[in-house]
>>> print(open('query-v9.txt').read())   # compact mmCIF, C-alpha atoms
# COMPACT_ATOMS: atom_id res chain seq x y z
CA MET A 1 -63.73 19.07 71.41
CA PRO A 2 -66.41 20.67 69.25
CA THR A 3 -67.80 24.06 70.11
CA ILE A 4 -71.43 24.91 69.51
CA VAL A 5 -72.23 28.54 68.87
CA VAL A 6 -75.60 30.00 69.83
CA GLU A 7 -76.44 33.51 68.69
CA VAL A 8 -79.18 35.52 70.36
CA MET A 9 -80.37 38.93 69.16
CA PRO A 10 -82.99 41.33 70.53
CA LYS A 11 -86.27 40.99 68.65
CA ALA A 12 -86.45 43.31 65.62
CA GLU A 13 -89.60 45.06 66.79
CA LEU A 14 -88.20 45.95 70.21
CA LEU A 15 -86.02 48.82 71.30
CA ASP A 16 -82.44 47.79 71.95
CA PRO A 17 -81.01 50.33 74.43
CA GLN A 18 -77.46 48.96 74.15
CA GLY A 19 -77.60 49.17 70.35
CA LYS A 20 -79.06 52.68 70.54
CA ALA A 21 -76.17 53.72 72.82
CA VAL A 22 -73.59 52.38 70.37
CA ALA A 23 -75.37 54.05 67.44
CA GLY A 24 -75.32 57.34 69.35
CA ALA A 25 -71.60 56.97 70.08
CA LEU A 26 -70.84 56.32 66.39
CA ARG A 27 -72.90 59.37 65.40
CA ARG A 28 -70.99 61.56 67.85
CA LEU A 29 -67.76 60.28 66.28
CA GLY A 30 -69.04 61.50 62.90
CA LYS A 31 -69.67 57.99 61.54
CA THR A 32 -72.98 58.86 59.91
CA GLU A 33 -72.87 55.97 57.42
CA PHE A 34 -74.12 53.62 60.13
CA THR A 35 -77.89 53.83 60.28
CA GLY A 36 -78.55 51.32 63.00
CA VAL A 37 -76.84 49.09 65.51
CA ARG A 38 -78.20 46.10 67.36
CA VAL A 39 -76.28 44.27 70.06
CA GLY A 40 -76.86 40.62 70.83
CA LYS A 41 -75.07 37.74 72.48
CA ARG A 42 -72.87 34.96 71.23
CA PHE A 43 -72.50 31.84 73.38
CA GLU A 44 -69.75 29.29 72.74
CA LEU A 45 -70.53 25.96 74.39
CA THR A 46 -67.70 23.44 74.50
CA VAL A 47 -68.91 19.84 74.60
CA GLU A 48 -67.43 16.46 75.38
CA GLY A 49 -68.02 13.95 72.63
CA PRO A 50 -69.56 14.38 69.20
CA ALA A 51 -71.91 17.21 68.25
CA ASP A 52 -74.60 14.91 66.87
CA ALA A 53 -78.26 15.56 66.11
CA ALA A 54 -79.39 14.66 69.66
CA LEU A 55 -76.95 17.12 71.18
CA LEU A 56 -77.96 19.86 68.75
CA ALA A 57 -81.63 19.27 69.62
CA GLU A 58 -80.71 19.65 73.29
CA VAL A 59 -78.78 22.84 72.58
CA GLN A 60 -81.79 24.19 70.64
CA GLU A 61 -83.96 23.58 73.69
CA LEU A 62 -81.43 25.16 76.07
CA ALA A 63 -81.06 28.12 73.72
CA ASP A 64 -84.81 28.71 73.82
CA THR A 65 -85.21 28.21 77.57
CA VAL A 66 -81.95 29.08 79.34
CA LEU A 67 -79.77 31.15 77.02
CA SER A 68 -82.41 33.53 75.71
CA ASN A 69 -85.48 35.31 77.00
CA SER A 70 -88.11 34.57 74.37
CA VAL A 71 -90.14 37.63 75.35
CA ILE A 72 -87.46 40.02 74.13
CA GLU A 73 -84.92 37.92 72.22
CA ASP A 74 -84.70 35.53 69.27
CA VAL A 75 -82.23 32.69 68.85
CA THR A 76 -80.94 33.61 65.40
CA SER A 77 -78.53 30.75 64.79
CA ILE A 78 -77.01 27.59 66.21
CA PHE A 79 -74.05 25.96 64.50
CA VAL A 80 -71.05 23.78 65.23
CA LEU A 81 -67.61 25.35 65.14
CA GLU A 82 -65.08 22.61 64.49
CA ALA A 83 -62.28 22.57 67.02
CA VAL A 84 -58.98 23.47 65.41
CA ALA A 85 -55.67 22.76 67.10
CA GLY A 86 -54.08 26.02 68.13
CA GLU A 87 -57.25 28.01 67.60
CA THR A 88 -56.81 31.50 69.01
CA HIS A 89 -60.22 32.05 70.54
CA MET B 90 -78.93 47.88 53.09
CA PRO B 91 -76.03 45.62 54.02
CA THR B 92 -75.43 44.64 57.61
CA ILE B 93 -71.94 44.20 58.97
CA VAL B 94 -71.53 41.76 61.83
CA VAL B 95 -68.78 42.23 64.42
CA GLU B 96 -68.20 39.45 66.94
CA VAL B 97 -66.33 40.10 70.16
CA MET B 98 -65.37 37.39 72.65
CA PRO B 99 -63.60 37.55 76.01
CA LYS B 100 -59.91 36.68 75.65
CA ALA B 101 -59.27 32.96 76.05
CA GLU B 102 -56.82 33.39 78.92
CA LEU B 103 -59.21 35.50 81.01
CA LEU B 104 -61.99 34.48 83.34
CA ASP B 105 -65.42 35.05 81.87
CA PRO B 106 -67.82 35.46 84.83
CA GLN B 107 -70.93 35.48 82.62
CA GLY B 108 -69.81 32.27 80.89
CA LYS B 109 -68.98 30.69 84.26
CA ALA B 110 -72.49 31.55 85.49
CA VAL B 111 -74.10 29.91 82.44
CA ALA B 112 -71.85 26.84 82.79
CA GLY B 113 -72.89 26.57 86.45
CA ALA B 114 -76.58 26.82 85.51
CA LEU B 115 -76.21 24.06 82.91
CA ARG B 116 -74.42 21.86 85.45
CA ARG B 117 -77.22 22.37 87.98
CA LEU B 118 -79.69 21.32 85.26
CA GLY B 119 -77.73 18.08 84.89
CA LYS B 120 -76.27 18.98 81.50
CA THR B 121 -72.81 17.65 82.27
CA GLU B 122 -71.82 17.21 78.60
CA PHE B 123 -71.01 20.92 78.39
CA THR B 124 -67.49 21.46 79.67
CA GLY B 125 -67.23 25.19 79.16
CA VAL B 126 -69.22 28.24 78.16
CA ARG B 127 -67.99 31.62 77.01
CA VAL B 128 -70.27 34.57 76.38
CA GLY B 129 -69.41 37.33 73.95
CA LYS B 130 -71.15 40.02 71.95
CA ARG B 131 -72.49 40.22 68.45
CA PHE B 132 -72.98 43.66 66.90
CA GLU B 133 -75.05 44.15 63.76
CA LEU B 134 -74.24 47.47 62.08
CA THR B 135 -76.60 48.56 59.31
CA VAL B 136 -74.96 50.82 56.76
CA GLU B 137 -76.08 53.11 53.97
CA GLY B 138 -74.42 52.34 50.68
CA PRO B 139 -72.09 49.54 49.70
CA ALA B 140 -70.01 47.53 52.17
CA ASP B 141 -66.74 48.08 50.30
CA ALA B 142 -63.15 47.62 51.44
CA ALA B 143 -62.90 51.18 52.79
CA LEU B 144 -65.99 50.69 54.94
CA LEU B 145 -64.78 47.33 56.21
CA ALA B 146 -61.44 48.91 57.16
CA GLU B 147 -63.36 51.56 59.07
CA VAL B 148 -65.46 48.91 60.82
CA GLN B 149 -62.27 47.03 61.74
CA GLU B 150 -60.92 50.18 63.38
CA LEU B 151 -64.21 50.86 65.20
CA ALA B 152 -64.37 47.23 66.31
CA ASP B 153 -60.90 47.54 67.85
CA THR B 154 -61.45 50.94 69.47
CA VAL B 155 -65.15 51.43 70.21
CA LEU B 156 -66.91 48.06 70.12
CA SER B 157 -64.39 46.06 72.12
CA ASN B 158 -62.07 46.58 75.06
CA SER B 159 -58.77 45.21 73.80
CA VAL B 160 -57.53 44.61 77.35
CA ILE B 161 -60.10 41.90 77.96
CA GLU B 162 -61.71 41.12 74.59
CA ASP B 163 -60.78 40.00 71.08
CA VAL B 164 -62.61 40.89 67.88
CA THR B 165 -63.04 37.37 66.54
CA SER B 166 -64.76 38.11 63.24
CA ILE B 167 -66.13 40.81 60.98
CA PHE B 168 -68.25 39.90 57.98
CA VAL B 169 -70.98 41.26 55.76
CA LEU B 170 -74.45 39.82 56.08
CA GLU B 171 -76.30 40.45 52.84
CA ALA B 172 -79.63 42.17 53.35
CA VAL B 173 -82.52 39.93 52.38
CA ALA B 174 -86.01 41.26 51.73
CA GLY B 175 -88.29 40.07 54.49
CA GLU B 176 -85.43 39.00 56.71
CA THR B 177 -86.76 38.10 60.12
CA HIS B 178 -84.01 39.57 62.29
>>> encode(input="query-v9.txt", output="structure tokens")
Amino acid sequence: MPTIVVEVMPKAELLDPQGKAVAGALRRLGKTEFTGVRVGKRFELTVEGPADAALLAEVQELADTVLSNSVIEDVTSIFVLEAVAGETH
Amino acid sequence: MPTIVVEVMPKAELLDPQGKAVAGALRRLGKTEFTGVRVGKRFELTVEGPADAALLAEVQELADTVLSNSVIEDVTSIFVLEAVAGETH
């Protein structure tokens, strides 16, 4: 069964408190080479049947309306991950 | 400045309450073609200087120790996203 990946990131112009917290943690660990961290979400949707254009259009709509909050987040990518037998994740 | 992406997903054998909630929402919307949903995290780390092998080894270690909880999560991928002038995210 194919898996469709949807990636959602906080909008670039907005504060990202979770990313700021991680950046602060890295700084406290002495990892000063990291100048910024942003934390977003990765959805993996498993579907029955083929991942055709109609399904991808539907996923695009769901990504914009259900999986992300368009006020604060952007859908940065949608792509099909081919199912591989014995895949580990 | 290069950006390094770290992707973390809940382990396959564990329940993923957030994914279950999204799957339930899709089902209630009548989207029965989706048989499963898993929700993970995507970190974008911006670094000063080149993303060389030493830095990637450091990111791998941070991904395993700081960015993920190895009891419940797997680091599924780490890769370099080349910085593009005018990039929108």
>>> closest_residue(input="query-v9.txt", among="B:Leu118, B:Met98, B:Val148, B:Leu103", to="Val136 of chain B", atoms="only C-alpha atoms")
B:Val148
>>> residues_around(input="query-v9.txt", residues="segment 39-45 of chain A", least_positions_apart="4", cutoff="10 Å", atoms="only C-alpha atoms", output="compact mmCIF listing (two decimals) with C-alpha atoms, in the coordinates of the input")
# COMPACT_ATOMS: atom_id res chain seq x y z
CA PRO A 2 -66.41 20.67 69.25
CA THR A 3 -67.80 24.06 70.11
CA ILE A 4 -71.43 24.91 69.51
CA VAL A 5 -72.23 28.54 68.87
CA VAL A 6 -75.60 30.00 69.83
CA GLU A 7 -76.44 33.51 68.69
CA VAL A 8 -79.18 35.52 70.36
CA MET A 9 -80.37 38.93 69.16
CA PRO A 10 -82.99 41.33 70.53
CA LYS A 11 -86.27 40.99 68.65
CA ASP A 16 -82.44 47.79 71.95
CA PRO A 17 -81.01 50.33 74.43
CA GLN A 18 -77.46 48.96 74.15
CA GLY A 19 -77.60 49.17 70.35
CA LYS A 20 -79.06 52.68 70.54
CA ALA A 21 -76.17 53.72 72.82
CA VAL A 22 -73.59 52.38 70.37
CA VAL A 59 -78.78 22.84 72.58
CA ALA A 63 -81.06 28.12 73.72
CA LEU A 67 -79.77 31.15 77.02
CA SER A 68 -82.41 33.53 75.71
CA GLU A 73 -84.92 37.92 72.22
CA ASP A 74 -84.70 35.53 69.27
CA VAL A 75 -82.23 32.69 68.85
CA THR A 76 -80.94 33.61 65.40
CA SER A 77 -78.53 30.75 64.79
CA ILE A 78 -77.01 27.59 66.21
CA PHE A 79 -74.05 25.96 64.50
CA VAL A 80 -71.05 23.78 65.23
CA LEU A 81 -67.61 25.35 65.14
CA VAL B 94 -71.53 41.76 61.83
CA VAL B 95 -68.78 42.23 64.42
CA GLU B 96 -68.20 39.45 66.94
CA VAL B 97 -66.33 40.10 70.16
CA MET B 98 -65.37 37.39 72.65
CA GLY B 108 -69.81 32.27 80.89
CA VAL B 111 -74.10 29.91 82.44
CA ALA B 112 -71.85 26.84 82.79
CA GLU B 122 -71.82 17.21 78.60
CA PHE B 123 -71.01 20.92 78.39
CA THR B 124 -67.49 21.46 79.67
CA GLY B 125 -67.23 25.19 79.16
CA VAL B 126 -69.22 28.24 78.16
CA ARG B 127 -67.99 31.62 77.01
CA VAL B 128 -70.27 34.57 76.38
CA GLY B 129 -69.41 37.33 73.95
CA LYS B 130 -71.15 40.02 71.95
CA ARG B 131 -72.49 40.22 68.45
CA PHE B 132 -72.98 43.66 66.90
CA GLU B 133 -75.05 44.15 63.76
CA LEU B 134 -74.24 47.47 62.08
>>> closest_residue(input="query-v9.txt", among="A:Leu15, A:Thr46, A:Arg28, A:Met1", to="chain B", atoms="all atoms listed in the file")
A:Thr46
>>> closest_residue(input="query-v9.txt", among="A:Ala54, A:Arg27, A:Glu48, A:Asp64", to="chain B", atoms="only C-alpha atoms")
A:Glu48
>>> closest_residue(input="query-v9.txt", among="A:Leu62, A:Glu82, A:Pro50, A:Ser70", to="Gly119 of chain B", atoms="only C-alpha atoms")
A:Leu62
>>> atom_distance(input="query-v9.txt", atom1="atom CA of Asn69 of chain A", atom2="atom CA of Ala25 of chain A")
26.6 Å
>>> atom_distance(input="query-v9.txt", atom1="atom CA of Leu145 of chain B", atom2="atom CA of Leu26 of chain A")
14.9 Å
>>> closest_residue(input="query-v9.txt", among="A:Val66, A:Glu61, A:Gly24, A:Asp52", to="chain B", atoms="all atoms listed in the file")
A:Val66
>>> atom_distance(input="query-v9.txt", atom1="atom CA of Lys31 of chain A", atom2="atom CA of Ala146 of chain B")
13.0 Å
>>> closest_residue(input="query-v9.txt", among="A:Ala53, A:Ala12, A:Val71, A:Thr65", to="chain B", atoms="only C-alpha atoms")
A:Ala12
